[in-house]
Amino acid sequence: MEELITRILKDGTVEAGNILKVGGFINHSMDIKLFNSMGREFKRRFQQDKVTKIVTIEASGIGIASIASQYFDFVPVVFAKKFAG
């Protein structure tokens, strides 16, 4: 998706270990307009599938999963929690 690529190139940073940091628009500050575009793209890519739920990771994925859910007739969003052991 061109909009996401452009945003990563503009605002993403690469830190030690080649870790891409996108917290400024994905995690700590969520760009809802970008999420909306991503949700539409997920629907376009998976429109042939019967999506019954969206599974994501705790924290980082909840925002985009919630927006994407709307494009799949508000299927439930389930998130995997970190194991605290």
# chains A, B, ... in the order shown; residues from 1 in each chain; ligands from 1
call {"tool": "residues_around", "arguments": {"residues": "region 57-64 of chain A", "least_positions_apart": "3", "cutoff": "12 Å", "atoms": "only C-alpha atoms", "output": "VMD selection string"}}
result
chain A and resid 21 to 42 54 67 to 71 76 to 83
call {"tool": "atom_distance", "arguments": {"atom1": "CA of Ile8 (chain A)", "atom2": "CA of Lys43 (chain A)"}}
result
21.1 Å
call {"tool": "select_by_dssp", "arguments": {"residues": "chain A", "states": "alpha helix (DSSP H)", "output": "CSV table (one decimal) with all heavy atoms, in the first residue's frame"}}
result
chain,number,residue,atom,x,y,z
A,2,GLU,N,0.7,2.0,-1.0
A,2,GLU,CA,1.6,3.2,-1.2
A,2,GLU,C,1.6,4.2,-0.1
A,2,GLU,O,2.6,4.7,0.3
A,2,GLU,CB,1.2,3.9,-2.6
A,2,GLU,CG,2.3,4.8,-3.1
A,2,GLU,CD,3.6,4.1,-3.4
A,2,GLU,OE1,3.6,2.9,-3.8
A,2,GLU,OE2,4.7,4.7,-3.1
A,3,GLU,N,0.4,4.4,0.5
A,3,GLU,CA,0.3,5.4,1.5
A,3,GLU,C,1.1,5.0,2.8
A,3,GLU,O,1.8,5.8,3.4
A,3,GLU,CB,-1.2,5.6,1.9
A,3,GLU,CG,-1.4,6.8,2.9
A,3,GLU,CD,-2.9,7.0,3.2
A,3,GLU,OE1,-3.7,6.4,2.5
A,3,GLU,OE2,-3.2,7.8,4.1
A,4,LEU,N,1.0,3.7,3.1
A,4,LEU,CA,1.8,3.2,4.3
A,4,LEU,C,3.3,3.3,4.0
A,4,LEU,O,4.1,3.7,4.9
A,4,LEU,CB,1.4,1.8,4.6
A,4,LEU,CG,2.1,1.1,5.7
A,4,LEU,CD1,2.0,1.9,7.0
A,4,LEU,CD2,1.6,-0.3,5.9
A,5,ILE,N,3.7,2.9,2.8
A,5,ILE,CA,5.1,2.9,2.4
A,5,ILE,C,5.6,4.3,2.5
A,5,ILE,O,6.7,4.6,3.1
A,5,ILE,CB,5.3,2.3,1.0
A,5,ILE,CG1,5.0,0.8,1.0
A,5,ILE,CG2,6.7,2.6,0.5
A,5,ILE,CD1,4.9,0.2,-0.4
A,6,THR,N,4.9,5.3,2.0
A,6,THR,CA,5.3,6.7,2.0
A,6,THR,C,5.4,7.2,3.5
A,6,THR,O,6.4,7.8,3.8
A,6,THR,CB,4.3,7.6,1.3
A,6,THR,OG1,4.2,7.1,-0.1
A,6,THR,CG2,4.6,9.0,1.4
A,7,ARG,N,4.5,6.8,4.3
A,7,ARG,CA,4.5,7.2,5.7
A,7,ARG,C,5.7,6.6,6.5
A,7,ARG,O,6.4,7.3,7.3
A,7,ARG,CB,3.2,6.8,6.4
A,7,ARG,CG,3.1,7.4,7.8
A,7,ARG,CD,3.1,9.0,7.7
A,7,ARG,NE,3.0,9.5,9.0
A,7,ARG,CZ,1.9,9.8,9.7
A,7,ARG,NH1,0.7,9.6,9.2
A,7,ARG,NH2,2.0,10.3,10.9
A,8,ILE,N,6.0,5.3,6.2
A,8,ILE,CA,7.2,4.7,6.8
A,8,ILE,C,8.5,5.4,6.4
A,8,ILE,O,9.3,5.7,7.3
A,8,ILE,CB,7.2,3.2,6.5
A,8,ILE,CG1,6.1,2.4,7.2
A,8,ILE,CG2,8.6,2.6,6.9
A,8,ILE,CD1,5.9,1.0,6.7
A,9,LEU,N,8.6,5.7,5.1
A,9,LEU,CA,9.8,6.4,4.6
A,9,LEU,C,9.9,7.8,5.2
A,9,LEU,O,11.0,8.2,5.5
A,9,LEU,CB,9.8,6.4,3.1
A,9,LEU,CG,9.9,5.1,2.4
A,9,LEU,CD1,9.7,5.3,0.9
A,9,LEU,CD2,11.3,4.5,2.7
A,10,LYS,N,8.8,8.4,5.5
A,10,LYS,CA,8.8,9.8,6.0
A,10,LYS,C,9.0,9.8,7.5
A,10,LYS,O,9.9,10.6,8.0
A,10,LYS,CB,7.5,10.5,5.7
A,10,LYS,CG,7.3,11.9,6.2
A,10,LYS,CD,6.0,12.5,5.8
A,10,LYS,CE,5.9,13.9,6.5
A,10,LYS,NZ,4.8,13.9,7.5
A,11,ASP,N,8.3,9.0,8.3
A,11,ASP,CA,8.3,9.1,9.7
A,11,ASP,C,8.9,7.9,10.5
A,11,ASP,O,9.0,8.0,11.7
A,11,ASP,CB,6.9,9.4,10.2
A,11,ASP,CG,6.3,10.7,9.7
A,11,ASP,OD1,7.1,11.6,9.6
A,11,ASP,OD2,5.1,10.8,9.4
A,32,ILE,N,-5.5,7.8,12.4
A,32,ILE,CA,-6.7,7.1,12.0
A,32,ILE,C,-7.0,7.2,10.5
A,32,ILE,O,-7.6,6.2,10.0
A,32,ILE,CB,-7.9,7.7,12.9
A,32,ILE,CG1,-7.6,7.5,14.4
A,32,ILE,CG2,-9.2,7.0,12.5
A,32,ILE,CD1,-7.3,6.1,14.8
A,33,LYS,N,-6.7,8.3,9.9
A,33,LYS,CA,-6.9,8.3,8.4
A,33,LYS,C,-6.1,7.3,7.7
A,33,LYS,O,-6.6,6.6,6.8
A,33,LYS,CB,-6.5,9.7,7.9
A,33,LYS,CG,-6.8,9.9,6.5
A,33,LYS,CD,-6.4,11.3,6.0
A,33,LYS,CE,-6.7,11.5,4.5
A,33,LYS,NZ,-6.3,12.8,4.1
A,34,LEU,N,-4.8,7.1,8.2
A,34,LEU,CA,-4.0,6.0,7.6
A,34,LEU,C,-4.6,4.6,7.9
A,34,LEU,O,-4.6,3.8,7.1
A,34,LEU,CB,-2.6,6.1,8.2
A,34,LEU,CG,-1.6,5.0,7.7
A,34,LEU,CD1,-1.4,5.0,6.2
A,34,LEU,CD2,-0.3,5.2,8.5
A,35,PHE,N,-5.0,4.4,9.2
A,35,PHE,CA,-5.7,3.2,9.5
A,35,PHE,C,-6.9,2.9,8.6
A,35,PHE,O,-7.1,1.7,8.3
A,35,PHE,CB,-6.1,3.2,11.0
A,35,PHE,CG,-5.0,3.0,12.0
A,35,PHE,CD1,-3.7,3.1,11.7
A,35,PHE,CD2,-5.3,2.7,13.3
A,35,PHE,CE1,-2.7,2.9,12.6
A,35,PHE,CE2,-4.3,2.6,14.3
A,35,PHE,CZ,-3.0,2.6,13.9
A,36,ASN,N,-7.6,3.9,8.4
A,36,ASN,CA,-8.8,3.7,7.5
A,36,ASN,C,-8.4,3.3,6.1
A,36,ASN,O,-9.0,2.4,5.6
A,36,ASN,CB,-9.6,5.1,7.5
A,36,ASN,CG,-11.0,4.9,7.1
A,36,ASN,OD1,-11.6,3.9,7.4
A,36,ASN,ND2,-11.6,5.8,6.4
A,37,SER,N,-7.4,3.9,5.6
A,37,SER,CA,-6.9,3.4,4.3
A,37,SER,C,-6.4,2.0,4.3
A,37,SER,O,-6.6,1.2,3.4
A,37,SER,CB,-5.7,4.3,3.8
A,37,SER,OG,-6.2,5.6,3.6
A,38,MET,N,-5.7,1.6,5.4
A,38,MET,CA,-5.2,0.3,5.6
A,38,MET,C,-6.4,-0.7,5.7
A,38,MET,O,-6.3,-1.8,5.1
A,38,MET,CB,-4.3,0.2,6.8
A,38,MET,CG,-3.0,0.9,6.6
A,38,MET,SD,-2.1,1.2,8.2
A,38,MET,CE,-1.6,-0.5,8.6
A,39,GLY,N,-7.4,-0.3,6.4
A,39,GLY,CA,-8.6,-1.2,6.5
A,39,GLY,C,-9.2,-1.5,5.2
A,39,GLY,O,-9.6,-2.6,4.9
A,40,ARG,N,-9.4,-0.4,4.4
A,40,ARG,CA,-9.9,-0.6,3.0
A,40,ARG,C,-9.0,-1.5,2.2
A,40,ARG,O,-9.5,-2.4,1.4
A,40,ARG,CB,-10.0,0.8,2.3
A,40,ARG,CG,-11.3,1.5,2.5
A,40,ARG,CD,-11.5,2.7,1.5
A,40,ARG,NE,-10.3,3.6,1.5
A,40,ARG,CZ,-10.2,4.6,2.3
A,40,ARG,NH1,-11.1,4.8,3.2
A,40,ARG,NH2,-9.1,5.4,2.2
A,41,GLU,N,-7.7,-1.4,2.3
A,41,GLU,CA,-6.8,-2.3,1.6
A,41,GLU,C,-6.9,-3.7,2.1
A,41,GLU,O,-6.9,-4.7,1.2
A,41,GLU,CB,-5.4,-1.8,1.7
A,41,GLU,CG,-4.3,-2.6,1.0
A,41,GLU,CD,-4.5,-2.6,-0.5
A,41,GLU,OE1,-5.3,-1.8,-1.1
A,41,GLU,OE2,-3.8,-3.4,-1.2
A,42,PHE,N,-7.0,-3.9,3.4
A,42,PHE,CA,-7.2,-5.3,3.9
A,42,PHE,C,-8.5,-5.9,3.3
A,42,PHE,O,-8.5,-7.1,2.8
A,42,PHE,CB,-7.3,-5.3,5.4
A,42,PHE,CG,-6.0,-5.1,6.1
A,42,PHE,CD1,-6.1,-4.4,7.3
A,42,PHE,CD2,-4.8,-5.4,5.6
A,42,PHE,CE1,-4.9,-4.2,8.0
A,42,PHE,CE2,-3.6,-5.2,6.3
A,42,PHE,CZ,-3.7,-4.5,7.5
A,43,LYS,N,-9.5,-5.1,3.2
A,43,LYS,CA,-10.8,-5.6,2.6
A,43,LYS,C,-10.6,-6.0,1.1
A,43,LYS,O,-11.1,-7.0,0.7
A,43,LYS,CB,-11.9,-4.6,2.8
A,43,LYS,CG,-13.2,-5.0,2.2
A,43,LYS,CD,-13.8,-6.2,2.8
A,43,LYS,CE,-15.2,-6.5,2.2
A,43,LYS,NZ,-15.8,-7.7,2.8
A,44,ARG,N,-9.9,-5.1,0.4
A,44,ARG,CA,-9.7,-5.4,-1.0
A,44,ARG,C,-8.9,-6.7,-1.2
A,44,ARG,O,-9.2,-7.5,-2.0
A,44,ARG,CB,-8.9,-4.2,-1.6
A,44,ARG,CG,-8.7,-4.4,-3.1
A,44,ARG,CD,-7.8,-3.3,-3.7
A,44,ARG,NE,-6.4,-3.5,-3.4
A,44,ARG,CZ,-5.6,-4.4,-3.9
A,44,ARG,NH1,-6.0,-5.2,-4.8
A,44,ARG,NH2,-4.3,-4.5,-3.5
A,45,ARG,N,-7.9,-6.9,-0.3
A,45,ARG,CA,-7.0,-8.0,-0.5
A,45,ARG,C,-7.7,-9.3,0.0
A,45,ARG,O,-7.4,-10.4,-0.5
A,45,ARG,CB,-5.7,-7.9,0.3
A,45,ARG,CG,-4.8,-6.8,-0.4
A,45,ARG,CD,-3.5,-6.7,0.4
A,45,ARG,NE,-2.7,-5.6,-0.2
A,45,ARG,CZ,-1.4,-5.7,-0.4
A,45,ARG,NH1,-0.8,-6.8,-0.1
A,45,ARG,NH2,-0.8,-4.7,-0.9
A,46,PHE,N,-8.6,-9.2,0.9
A,46,PHE,CA,-9.2,-10.4,1.5
A,46,PHE,C,-10.7,-10.5,1.2
A,46,PHE,O,-11.4,-11.3,1.9
A,46,PHE,CB,-9.0,-10.5,3.0
A,46,PHE,CG,-7.5,-10.6,3.3
A,46,PHE,CD1,-6.8,-9.5,3.8
A,46,PHE,CD2,-6.8,-11.8,3.2
A,46,PHE,CE1,-5.4,-9.6,4.1
A,46,PHE,CE2,-5.5,-12.0,3.5
A,46,PHE,CZ,-4.8,-10.9,3.9
A,62,ILE,N,-4.2,-3.4,18.1
A,62,ILE,CA,-5.6,-3.2,18.4
A,62,ILE,C,-6.3,-2.1,17.6
A,62,ILE,O,-7.4,-2.2,17.1
A,62,ILE,CB,-5.8,-3.0,19.9
A,62,ILE,CG1,-5.4,-4.3,20.7
A,62,ILE,CG2,-7.2,-2.7,20.3
A,62,ILE,CD1,-5.4,-4.2,22.2
A,63,GLY,N,-5.6,-1.0,17.5
A,63,GLY,CA,-6.1,0.2,16.8
A,63,GLY,C,-6.5,-0.2,15.3
A,63,GLY,O,-7.6,0.0,14.9
A,64,ILE,N,-5.5,-0.7,14.6
A,64,ILE,CA,-5.8,-1.0,13.2
A,64,ILE,C,-6.8,-2.1,13.0
A,64,ILE,O,-7.6,-2.1,12.1
A,64,ILE,CB,-4.5,-1.3,12.4
A,64,ILE,CG1,-4.7,-1.6,10.9
A,64,ILE,CG2,-3.7,-2.4,13.0
A,64,ILE,CD1,-5.4,-0.5,10.2
A,65,ALA,N,-6.7,-3.1,13.9
A,65,ALA,CA,-7.7,-4.2,13.8
A,65,ALA,C,-9.1,-3.7,14.1
A,65,ALA,O,-10.0,-4.2,13.4
A,65,ALA,CB,-7.3,-5.3,14.9
A,66,SER,N,-9.3,-2.8,15.0
A,66,SER,CA,-10.6,-2.2,15.2
A,66,SER,C,-11.1,-1.5,14.0
A,66,SER,O,-12.3,-1.6,13.7
A,66,SER,CB,-10.5,-1.3,16.4
A,66,SER,OG,-10.1,-2.0,17.6
A,67,ILE,N,-10.3,-0.7,13.4
A,67,ILE,CA,-10.7,0.0,12.2
A,67,ILE,C,-11.0,-1.0,11.1
A,67,ILE,O,-12.0,-0.9,10.4
A,67,ILE,CB,-9.7,1.1,11.7
A,67,ILE,CG1,-9.4,2.1,12.8
A,67,ILE,CG2,-10.0,1.7,10.4
A,67,ILE,CD1,-10.6,3.0,13.1
A,68,ALA,N,-10.1,-1.9,10.9
A,68,ALA,CA,-10.3,-2.9,9.8
A,68,ALA,C,-11.6,-3.7,10.0
A,68,ALA,O,-12.2,-4.1,9.0
A,68,ALA,CB,-9.1,-3.8,9.7
A,69,SER,N,-12.0,-4.0,11.2
A,69,SER,CA,-13.2,-4.7,11.5
A,69,SER,C,-14.4,-4.1,10.8
A,69,SER,O,-15.3,-4.9,10.4
A,69,SER,CB,-13.4,-4.8,13.0
A,69,SER,OG,-14.6,-5.4,13.3
A,70,GLN,N,-14.4,-2.8,10.7
A,70,GLN,CA,-15.6,-2.2,10.1
A,70,GLN,C,-15.8,-2.6,8.7
A,70,GLN,O,-16.9,-2.6,8.2
A,70,GLN,CB,-15.4,-0.7,10.2
A,70,GLN,CG,-15.4,-0.2,11.7
A,70,GLN,CD,-15.1,1.3,11.7
A,70,GLN,OE1,-16.0,2.1,11.5
A,70,GLN,NE2,-13.8,1.7,11.9
A,71,TYR,N,-14.7,-2.8,8.0
A,71,TYR,CA,-14.7,-3.2,6.6
A,71,TYR,C,-15.2,-4.7,6.4
A,71,TYR,O,-15.5,-5.1,5.3
A,71,TYR,CB,-13.4,-2.9,5.9
A,71,TYR,CG,-13.1,-1.5,5.7
A,71,TYR,CD1,-12.4,-0.8,6.7
A,71,TYR,CD2,-13.6,-0.8,4.6
A,71,TYR,CE1,-12.2,0.6,6.6
A,71,TYR,CE2,-13.4,0.6,4.5
A,71,TYR,CZ,-12.7,1.3,5.5
A,71,TYR,OH,-12.5,2.6,5.3
call {"tool": "select_by_dssp", "arguments": {"residues": "region 50-79 of chain A", "states": "strand (DSSP E)", "output": "ChimeraX atom specification"}}
result
/A:54-57,77-79
call {"tool": "atom_distance", "arguments": {"atom1": "CA of Phe74 (chain A)", "atom2": "CA of Gln48 (chain A)"}}
result
16.6 Å
call {"tool": "decode", "arguments": {"residues": "region 33-56 of chain A", "atoms": "C-alpha atoms", "output": "compact mmCIF listing (two decimals), in the first residue's frame"}}
result
# COMPACT_ATOMS: atom_id res chain seq x y z
CA LYS A 33 -6.88 8.34 8.45
CA LEU A 34 -3.98 6.01 7.62
CA PHE A 35 -5.66 3.16 9.54
CA ASN A 36 -8.82 3.74 7.52
CA SER A 37 -6.86 3.42 4.26
CA MET A 38 -5.21 0.26 5.57
CA GLY A 39 -8.60 -1.20 6.54
CA ARG A 40 -9.90 -0.60 3.00
CA GLU A 41 -6.80 -2.28 1.59
CA PHE A 42 -7.22 -5.31 3.87
CA LYS A 43 -10.80 -5.62 2.62
CA ARG A 44 -9.65 -5.38 -1.00
CA ARG A 45 -7.01 -8.05 -0.49
CA PHE A 46 -9.23 -10.44 1.49
CA GLN A 47 -12.65 -9.75 -0.04
CA GLN A 48 -12.82 -13.29 -1.45
CA ASP A 49 -12.37 -14.81 2.02
CA LYS A 50 -15.00 -15.27 4.71
CA VAL A 51 -13.44 -13.27 7.52
CA THR A 52 -15.12 -14.11 10.84
CA LYS A 53 -12.67 -12.42 13.23
CA ILE A 54 -9.48 -10.43 13.23
CA VAL A 55 -6.65 -11.63 15.48
CA THR A 56 -3.89 -9.22 16.43
